[in-house]
$ cat query26.pdb   # PDB, C-alpha atoms, pLDDT in the B column
ATOM      1  CA  MET A   1      68.135 -45.542 -34.879  1.00 75.00           C
ATOM      2  CA  THR A   2      64.439 -46.016 -35.697  1.00 78.00           C
ATOM      3  CA  ASN A   3      62.849 -49.122 -37.231  1.00 73.00           C
ATOM      4  CA  TRP A   4      59.238 -49.349 -38.323  1.00 79.00           C
ATOM      5  CA  GLY A   5      56.865 -51.303 -40.512  1.00 79.00           C
ATOM      6  CA  PRO A   6      56.511 -54.914 -41.549  1.00 84.00           C
ATOM      7  CA  LEU A   7      59.331 -57.296 -40.773  1.00 83.00           C
ATOM      8  CA  SER A   8      60.107 -60.885 -41.701  1.00 88.00           C
ATOM      9  CA  ILE A   9      62.968 -63.303 -41.366  1.00 88.00           C
ATOM     10  CA  THR A  10      63.967 -66.367 -43.387  1.00 91.00           C
ATOM     11  CA  LEU A  11      65.393 -69.279 -41.422  1.00 89.00           C
ATOM     12  CA  TYR A  12      66.816 -72.470 -42.878  1.00 92.00           C
ATOM     13  CA  GLY A  13      66.445 -75.691 -40.954  1.00 88.00           C
ATOM     14  CA  SER A  14      66.033 -79.440 -41.071  1.00 87.00           C
ATOM     15  CA  THR A  15      65.054 -82.231 -38.733  1.00 85.00           C
ATOM     16  CA  ASP A  16      66.001 -85.837 -38.202  1.00 87.00           C
ATOM     17  CA  THR A  17      62.603 -86.801 -36.755  1.00 81.00           C
ATOM     18  CA  GLU A  18      59.572 -88.222 -38.556  1.00 75.00           C
ATOM     19  CA  ASP A  19      56.866 -86.331 -36.617  1.00 73.00           C
ATOM     20  CA  THR A  20      57.057 -82.601 -37.300  1.00 72.00           C
ATOM     21  CA  SER A  21      53.356 -81.845 -36.719  1.00 72.00           C
ATOM     22  CA  THR A  22      54.146 -79.951 -33.515  1.00 75.00           C
ATOM     23  CA  TRP A  23      57.324 -78.191 -34.724  1.00 80.00           C
ATOM     24  CA  VAL A  24      57.082 -74.439 -34.119  1.00 83.00           C
ATOM     25  CA  TRP A  25      59.652 -71.700 -34.750  1.00 81.00           C
ATOM     26  CA  PHE A  26      59.884 -68.898 -32.181  1.00 83.00           C
ATOM     27  CA  VAL A  27      61.614 -65.714 -33.325  1.00 86.00           C
ATOM     28  CA  LYS A  28      61.927 -62.820 -30.901  1.00 86.00           C
ATOM     29  CA  VAL A  29      63.062 -59.330 -31.912  1.00 85.00           C
ATOM     30  CA  GLY A  30      64.038 -56.541 -29.560  1.00 87.00           C
ATOM     31  CA  GLU A  31      66.811 -54.347 -28.317  1.00 89.00           C
ATOM     32  CA  VAL A  32      69.921 -55.180 -26.353  1.00 93.00           C
ATOM     33  CA  ALA A  33      71.154 -52.633 -23.809  1.00 94.00           C
ATOM     34  CA  PRO A  34      74.882 -52.012 -23.311  1.00 95.00           C
ATOM     35  CA  ASP A  35      74.707 -54.074 -20.081  1.00 95.00           C
ATOM     36  CA  GLY A  36      73.355 -57.062 -22.076  1.00 92.00           C
ATOM     37  CA  LYS A  37      69.764 -56.785 -20.847  1.00 94.00           C
ATOM     38  CA  VAL A  38      67.316 -57.762 -23.608  1.00 91.00           C
ATOM     39  CA  ARG A  39      63.872 -56.258 -24.086  1.00 89.00           C
ATOM     40  CA  VAL A  40      61.673 -58.217 -26.509  1.00 88.00           C
ATOM     41  CA  TRP A  41      59.472 -55.973 -28.658  1.00 82.00           C
ATOM     42  CA  THR A  42      57.817 -58.347 -31.116  1.00 82.00           C
ATOM     43  CA  LEU A  43      57.828 -61.962 -32.265  1.00 78.00           C
ATOM     44  CA  GLY A  44      56.744 -64.519 -34.838  1.00 81.00           C
ATOM     45  CA  ASN A  45      55.872 -68.161 -34.228  1.00 80.00           C
ATOM     46  CA  PRO A  46      54.510 -70.230 -37.115  1.00 81.00           C
ATOM     47  CA  LYS A  47      54.184 -74.007 -37.198  1.00 84.00           C
ATOM     48  CA  ALA A  48      56.750 -75.595 -39.500  1.00 84.00           C
ATOM     49  CA  SER A  49      54.069 -77.658 -41.260  1.00 85.00           C
ATOM     50  CA  PHE A  50      52.430 -74.431 -42.521  1.00 85.00           C
ATOM     51  CA  ARG A  51      55.580 -73.064 -44.161  1.00 86.00           C
ATOM     52  CA  LYS A  52      54.087 -72.789 -47.671  1.00 88.00           C
ATOM     53  CA  VAL A  53      53.955 -69.156 -48.860  1.00 91.00           C
ATOM     54  CA  ASN A  54      51.546 -67.728 -51.437  1.00 91.00           C
ATOM     55  CA  GLU A  55      53.891 -65.525 -53.489  1.00 91.00           C
ATOM     56  CA  ALA A  56      51.003 -63.733 -55.246  1.00 94.00           C
ATOM     57  CA  LYS A  57      49.587 -62.493 -51.929  1.00 94.00           C
ATOM     58  CA  SER A  58      52.929 -61.821 -50.225  1.00 92.00           C
ATOM     59  CA  LYS A  59      54.486 -58.356 -49.928  1.00 90.00           C
ATOM     60  CA  PRO A  60      58.016 -57.296 -48.956  1.00 87.00           C
ATOM     61  CA  GLY A  61      58.426 -58.126 -45.272  1.00 85.00           C
ATOM     62  CA  GLN A  62      55.040 -59.864 -45.218  1.00 89.00           C
ATOM     63  CA  PRO A  63      55.073 -63.484 -46.409  1.00 90.00           C
ATOM     64  CA  TRP A  64      51.463 -64.673 -46.780  1.00 90.00           C
ATOM     65  CA  HIS A  65      50.682 -68.120 -45.372  1.00 86.00           C
ATOM     66  CA  SER A  66      47.268 -69.716 -45.983  1.00 85.00           C
ATOM     67  CA  PHE A  67      47.594 -71.989 -42.909  1.00 85.00           C
ATOM     68  CA  GLN A  68      45.747 -74.679 -44.857  1.00 86.00           C
ATOM     69  CA  ASN A  69      46.950 -78.080 -45.994  1.00 85.00           C
ATOM     70  CA  PRO A  70      49.867 -78.717 -43.623  1.00 86.00           C
ATOM     71  CA  VAL A  71      52.896 -80.385 -45.188  1.00 84.00           C
ATOM     72  CA  THR A  72      55.026 -82.852 -43.237  1.00 84.00           C
ATOM     73  CA  LEU A  73      58.758 -82.159 -43.354  1.00 87.00           C
ATOM     74  CA  GLU A  74      61.004 -84.874 -44.735  1.00 87.00           C
ATOM     75  CA  PRO A  75      63.857 -85.819 -42.383  1.00 88.00           C
ATOM     76  CA  ASN A  76      67.339 -84.547 -43.290  1.00 91.00           C
ATOM     77  CA  THR A  77      66.021 -82.071 -45.877  1.00 92.00           C
ATOM     78  CA  ILE A  78      66.801 -78.362 -45.558  1.00 94.00           C
ATOM     79  CA  TYR A  79      63.770 -76.079 -45.823  1.00 91.00           C
ATOM     80  CA  ASP A  80      63.372 -72.332 -45.786  1.00 90.00           C
ATOM     81  CA  PHE A  81      60.891 -70.876 -43.328  1.00 90.00           C
ATOM     82  CA  GLN A  82      59.690 -67.361 -44.106  1.00 90.00           C
ATOM     83  CA  ILE A  83      58.445 -65.984 -40.800  1.00 89.00           C
ATOM     84  CA  GLU A  84      56.424 -62.806 -40.513  1.00 87.00           C
ATOM     85  CA  ILE A  85      57.228 -60.826 -37.404  1.00 84.00           C
ATOM     86  CA  GLN A  86      54.536 -58.615 -35.921  1.00 80.00           C
ATOM     87  CA  PRO A  87      54.998 -55.041 -37.235  1.00 77.00           C
ATOM     88  CA  LEU A  88      56.873 -52.659 -34.983  1.00 76.00           C
ATOM     89  CA  PHE A  89      57.868 -49.054 -34.499  1.00 83.00           C
ATOM     90  CA  LEU A  90      60.964 -48.788 -32.352  1.00 80.00           C
ATOM     91  CA  THR A  91      63.525 -46.082 -31.669  1.00 85.00           C
ATOM     92  CA  PHE A  92      66.681 -47.433 -30.066  1.00 84.00           C
ATOM     93  CA  LYS A  93      68.396 -45.557 -27.273  1.00 86.00           C
ATOM     94  CA  ALA A  94      72.020 -44.536 -27.815  1.00 90.00           C
ATOM     95  CA  GLY A  95      74.317 -47.534 -27.369  1.00 92.00           C
ATOM     96  CA  HIS A  96      71.525 -50.093 -27.755  1.00 92.00           C
ATOM     97  CA  LYS A  97      71.543 -52.772 -30.484  1.00 90.00           C
ATOM     98  CA  PHE A  98      69.009 -54.736 -32.519  1.00 84.00           C
ATOM     99  CA  GLY A  99      68.617 -58.301 -31.261  1.00 86.00           C
ATOM    100  CA  CYS A 100      67.035 -61.402 -32.770  1.00 83.00           C
ATOM    101  CA  ARG A 101      66.871 -64.900 -31.292  1.00 82.00           C
TER     102      ARG A 101
END
$ encode --input "query26.pdb" --output "structure tokens"
Amino acid sequence: MTNWGPLSITLYGSTDTEDTSTWVWFVKVGEVAPDGKVRVWTLGNPKASFRKVNEAKSKPGQPWHSFQNPVTLEPNTIYDFQIEIQPLFLTFKAGHKFGCR
């Protein structure tokens, strides 16, 4: 199996804390060998306060964030976080699987 090009993931999350200025999502993508060994190939790690996406500038698999005007998260509110993962070109070996954490 071969995967290539832009990649993004949408996570849904909330917090029960008031200070979310340092909240960061870490998403790692790679392959999992049959023995369970994981090899990370690419990642994404935006700050939660910069979650706003400019739909006009976004493309499939490439949410566009301005990284301006951070927005504090309200406690106990569910938000969607569109996270762009660094582009990749990856051919999996036989028996290997796609992994995301």
$ atom_distance --input "query26.pdb" --atom1 "atom CA of A:Leu90" --atom2 "atom CA of A:Asn3"
5.2 Å
$ closest_residue --input "query26.pdb" --among "A:Gln82, A:Thr77, A:Thr72, A:Thr91" --to "A:Lys59" --atoms "all atoms listed in the file"
A:Gln82
$ residues_around --input "query26.pdb" --residues "A:Glu31" --least-positions-apart "2" --cutoff "12 Å" --atoms "only C-alpha atoms" --output "list in words"
Met1, Thr2, Asn3, Lys28, Val29, Ala33, Pro34, Asp35, Gly36, Lys37, Val38, Arg39, Val40, Trp41, Thr42, Leu90, Thr91, Phe92, Lys93, Ala94, Gly95, His96, Lys97, Phe98, Gly99, Cys100 and Arg101 of chain A
$ closest_residue --input "query26.pdb" --among "A:Thr15, A:Thr22, A:Gln86, A:Asn54" --to "A:Leu73" --atoms "all atoms listed in the file"
A:Thr15
$ resolve_selection --input "query26.pdb" --expression "the PyMOL selection byres ((chain A and resi 75) around 9)" --output "count of residues only"
10
$ atom_distance --input "query26.pdb" --atom1 "atom CA of A:Asp80" --atom2 "atom CA of A:Trp4"
24.5 Å
$ residues_around --input "query26.pdb" --residues "A:Trp23" --least-positions-apart "6" --cutoff "8 Å" --atoms "only C-alpha atoms" --output "PyMOL selection string"
chain A and resi 47-49
$ write_last_selection --input "query26.pdb" --atoms "C-alpha atoms" --output "PDB file, in the frame of the given file"
ATOM      1  CA  LYS A  47      54.184 -74.007 -37.198  1.00 84.00           C
ATOM      2  CA  ALA A  48      56.750 -75.595 -39.500  1.00 84.00           C
ATOM      3  CA  SER A  49      54.069 -77.658 -41.260  1.00 85.00           C
TER       4      SER A  49
END
$ residues_around --input "query26.pdb" --residues "A:Asn45" --least-positions-apart "3" --cutoff "7 Å" --atoms "only C-alpha atoms" --output "PyMOL selection string"
chain A and resi 24-27
$ closest_residue --input "query26.pdb" --among "A:Trp64, A:Gly44, A:Leu88, A:Lys57" --to "A:Ile9" --atoms "all atoms listed in the file"
A:Gly44
$ atom_distance --input "query26.pdb" --atom1 "atom CA of A:Val71" --atom2 "atom CA of A:Ala56"
19.5 Å
